[in-house]
Every structure is written in C-alpha cells, then in structure tokens.
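Report on one structure; see the data block that follows.
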Amino acid sequence: MCMTNNLSLKQAYLETIKSRHQIQEAKSEGLPQISGLASFSDYFDIPVNMVSGDIVGQPGTMVPIRLGTKYNVIAGIQAGQMIYNASYFASVNLFRKGCEISDLSLEQQKEEMVFRIAQLYILVQTMNRQIILLDTNLSSFRKLYAYSQQHLRNGLICKAESDRITVVINNTEAERDGLVLKRNQQLNMLKYLAGIGQTRKIKLSDDMVDVGFSRIQIDTTFENLTEMKIMKQKEKFAEINLRYMKAGSSPSLSGFAEYSFQAQVEQMDEINKGSNWYTTSYIGIRLSVPVFEGNRIKGKINQSRVALEQSRLAQRDLQGSLVIQFENAMETLLNNQLTEFRLKTNLELAGNVVSVTEDQYHQGIKTFTDVLNARSEYNTSYLSWLNSKLQIDLSQLEIIKLNGTINSLLL
C-alpha cells in the first residue's frame, strides 16, 4: 500500500519522469532546427547609400543615393543542423547518467520506506505486547482487590493495604492509557505512510513479525546497496561532466539553409502582384573554433576535476562508514540474541514466582507487598525480554538494509 499510495514516493517517481523529459530536451539540440520567418518594414526614410559618382556622371566623387522602397516584406523558412559538437554528445550522456541516478534515488527512497514501515510495524506490535502485559496485570490486581476486600472483612489485613491495591490499579490504568496513546500515534504514522485515511481503523497481526536471519548476507563490498550504486554513478557523472567541460574548447560544425520570398514596393496594394515577389535561397556550413575566452573553460575544467576527486573520496568514506555500521549491527545482533536467551529463562522463573506468590496471598500466607514485588519482577523480566526481541529485529533490519536486500521484505 505504501509503494502505491505514499506521497513522497509519488514525488520521487515524478522526478524520474522529469529526468526523462530532460533527456528528450537535450537530444533535441542534435535534430534539425526549422523555423518560419516573416517581417514587414515601413521605411519613413529610405536608407542612404554612398555610391561612386561614375554611375551618375560625376567621376571621382561619392554620391548619396536612397536605395530601396518604402515597403519591404519578407517571408520564408530557415533550417539548421548540427553536424559535429563534442559538447552536445557529452551533455546527452550527462542527462542520461542523471536519469540513472534519479531512478536509483527512487529505489533508495523505496528501500528507506520499507525499512521505516518495518520498524514502525515491529514497534507497534511490541507496544501491543506491552499493553497485553498491563491488561494481565490489571486483571490480576482486580482479583487481588476482591480477595483483599474479603481479607479486610475477616480482619486479616488493614484498610491501608486494600487502598494500596487501589493505588496500584489506578497507576497501572494510567500507564496503560499513556502506552495506548503512543501506540495510536505510531499507528497514525503507519497509516500516513501507507496512504490510509486517518479515520479508518486498522489492526495489525497479533503474530510478531519475523524479520528472518536467512535474509542476512555477509557482504562488506556493499555492491547491492543502492546508496553505494548511487555513489558510483555520481563518480561516472563527474567523469562525464569533466569531458563535457573539455569539449567546450573543441571546434563545432553546423549547417544552415534558408528559402524566402521578398517584396519591395512603394504602394501597399502592389504587394499582391506576383511579379513583385523575388525568391532568395542559400545553403552553407559554419565552423566555430574557440580561440580565447579568458580562461573561463579552463576554470570550469579545474572545478570538474576537483568535483571528480571529491566524488571518489566520498565513495571511499561511505565504504568505510558502512563497514563500521555493519560490524556494529552484527555485534549488537549477536549480543541481543545471547541476552534474549538468558532473559527468556528469567521470564519463565519470574512467572512461576508470581503464580505461587498470588496463590499464597489468596490463602493469607503472603502480603500484598510480596505479590507486588513478584509482579514487578515479572514485569521487569518481561519488558527486558520484549526489548531484547525488539532489538534483535531492529538489528536484523539494519543488516538487511546494509546488504541491499531490504526489498525482500516486500515478498
């Protein structure tokens, strides 16, 4: 549902669509460029040209003559075609590489979303287990309260001890209300990420999510990690950008052509006469060779070289950081697995102590303080065990993410 409905992912998807349109825009520069042209000129003062006096019988002088007509109309078509331009090919490769990075960024955001959804789901399930524990405590305390009323009537306990049970019940109910509030807030975030309306009610599975150790792979190259793939693509992007900057000092070759009609008349109604229209057409080729641009291109080339070196250093830095993250996550996982095994034994023992102590309280052998202490020890053992289970799952999630296989959870 999140992959389909999440607004952030939809924005990232649109970004990939935009990058493809940018490639189309870049490629269009290499296609024929055709445009129509039309102009109308009304000369209030016809331009003066200096011509040789030999034409009008005044040799040895320059005579000013107005050449042209009052109205001048031109209509035609122009075309141009790039033949060779190193910058063009480099720029197309730049946009193509940018498109690949955009696709990987979308994939990375999907992986981050899967990771976040899994974290939230496990956290909510853990809170549900905690709420069940408090419900069990409340049920037990209410039974104890009923027994305490009987003991109070029989004179076996004082009223203060009965009141103490009431206080414990009220505190437990307040603790439960606070935990339910936090659980509901996490559920609201889960619904938001999955695109579910906040007014809709959802309920998660009672079975705890099993992330599964089978998905964990020992791979310190991190080649499958999307973040590493992005860094490698950025290095290639920097290399292409360097070639693009160098191409700025290369010659370029282009062709051009024009075909047009022109009419020069003294009266507007003469424009309609076909005999007043004359055609002009030409075709040519243009070579452009950069000679001097004030070291502007050289400065850009040097900047691109620095950017390439930065990209390579960032990739090495990421590699080192990921190795540390992976080793820490593995150590945390192994430590939590050992801790969970020990805490599970403690939990079973604490449960037996609670059962025996409550039975003895019903018989009047134990005091409520004994019951409360036993129940407190059980709660501590249970929450510690539950937290160790949570940490195991979170550690496994972290390792699976570092392996670049977090999307396997979608299966």
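In the structure tokens, chains take letters A, B, ... by order of appearance, with residues numbered from 1 within each chain and ligands from 1 in the order shown.
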
Discussion item. Excluding A:Glu348 and its own-chain neighbours fewer than 6 positions away, which residues fall within 12 Å of it when counting only C-alpha atoms? Please give them as a PyMOL selection string.
Written reply: chain A and resi 341-342+354-355+377-379+381-382+385

Discussion item. Applying 8 Å and only C-alpha atoms, which residues near stretch 310-321 of chain A remain after dropping the ones on its own chain fewer than 6 positions away? List them as a ChimeraX atom specification.
Written reply: /A:221-222,228,231-232,234-235,238

Got time to write the residues from that selection, N, CA and C atoms, as a PDB file, in the first residue's frame?
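part_25.pdb, freshly written:
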```pdb
ATOM      1  N   THR A 221      31.349  -5.581   0.617  1.00  0.00           N
ATOM      2  CA  THR A 221      31.575  -4.734  -0.561  1.00  0.00           C
ATOM      3  C   THR A 221      30.406  -3.776  -0.763  1.00  0.00           C
ATOM      4  N   PHE A 222      29.235  -4.166  -0.259  1.00  0.00           N
ATOM      5  CA  PHE A 222      28.018  -3.346  -0.330  1.00  0.00           C
ATOM      6  C   PHE A 222      27.653  -2.996  -1.770  1.00  0.00           C
ATOM      7  N   MET A 228      25.379   2.806  -2.359  1.00  0.00           N
ATOM      8  CA  MET A 228      26.698   2.642  -2.978  1.00  0.00           C
ATOM      9  C   MET A 228      26.592   2.744  -4.498  1.00  0.00           C
ATOM     10  N   MET A 231      26.524   6.358  -5.402  1.00  0.00           N
ATOM     11  CA  MET A 231      27.842   6.988  -5.301  1.00  0.00           C
ATOM     12  C   MET A 231      28.704   6.654  -6.519  1.00  0.00           C
ATOM     13  N   LYS A 232      28.625   5.413  -6.997  1.00  0.00           N
ATOM     14  CA  LYS A 232      29.403   5.029  -8.177  1.00  0.00           C
ATOM     15  C   LYS A 232      28.895   5.757  -9.423  1.00  0.00           C
ATOM     16  N   LYS A 234      27.469   8.660  -9.408  1.00  0.00           N
ATOM     17  CA  LYS A 234      27.876  10.058  -9.273  1.00  0.00           C
ATOM     18  C   LYS A 234      29.333  10.248  -9.696  1.00  0.00           C
ATOM     19  N   GLU A 235      30.160   9.234  -9.435  1.00  0.00           N
ATOM     20  CA  GLU A 235      31.551   9.317  -9.890  1.00  0.00           C
ATOM     21  C   GLU A 235      31.601   9.327 -11.419  1.00  0.00           C
ATOM     22  N   ALA A 238      30.537  12.651 -12.665  1.00  0.00           N
ATOM     23  CA  ALA A 238      31.613  13.646 -12.571  1.00  0.00           C
ATOM     24  C   ALA A 238      32.624  13.464 -13.699  1.00  0.00           C
TER      25      ALA A 238
END
```

Item to complete: Excluding stretch 248-251 of chain A and any residue of its chain fewer than 5 positions from it, enumerate the residues within 7 Å of it, using only C-alpha atoms, and give them as a list in words.
Response: Ala86, Ser87, Ser288, Val289, Pro290 and Ile297 of chain A

Could you save those same residues with N, CA and C atoms as a compact mmCIF listing (two decimals), in the first residue's frame?
```
# COMPACT_ATOMS: atom_id res chain seq x y z
N ALA A 86 31.16 18.31 -29.82
CA ALA A 86 31.55 17.42 -28.73
C ALA A 86 30.76 17.71 -27.46
N SER A 87 30.42 18.97 -27.23
CA SER A 87 29.66 19.34 -26.04
C SER A 87 28.26 18.71 -26.05
N SER A 288 32.95 26.71 -36.11
CA SER A 288 33.23 27.60 -34.99
C SER A 288 34.40 27.03 -34.19
N VAL A 289 35.45 27.83 -34.05
CA VAL A 289 36.66 27.40 -33.34
C VAL A 289 36.94 28.37 -32.20
N PRO A 290 36.80 27.92 -30.94
CA PRO A 290 37.12 28.81 -29.81
C PRO A 290 38.60 29.19 -29.84
N ILE A 297 36.80 28.42 -19.65
CA ILE A 297 36.68 26.97 -19.79
C ILE A 297 37.72 26.25 -18.92
```

Worksheet item: Which one is closest to A:Lys236: A:Asn72, A:Ser91, A:Lys401, A:Lys97? Count only C-alpha atoms.
Response: A:Lys97

Worksheet entry | Within 9 Å of stretch 147-149 of chain A using only C-alpha atoms, minus same-chain residues under 5 positions, as a PyMOL selection string | chain A and resi 142+154+156-157+159+161-162+165+361-362+368
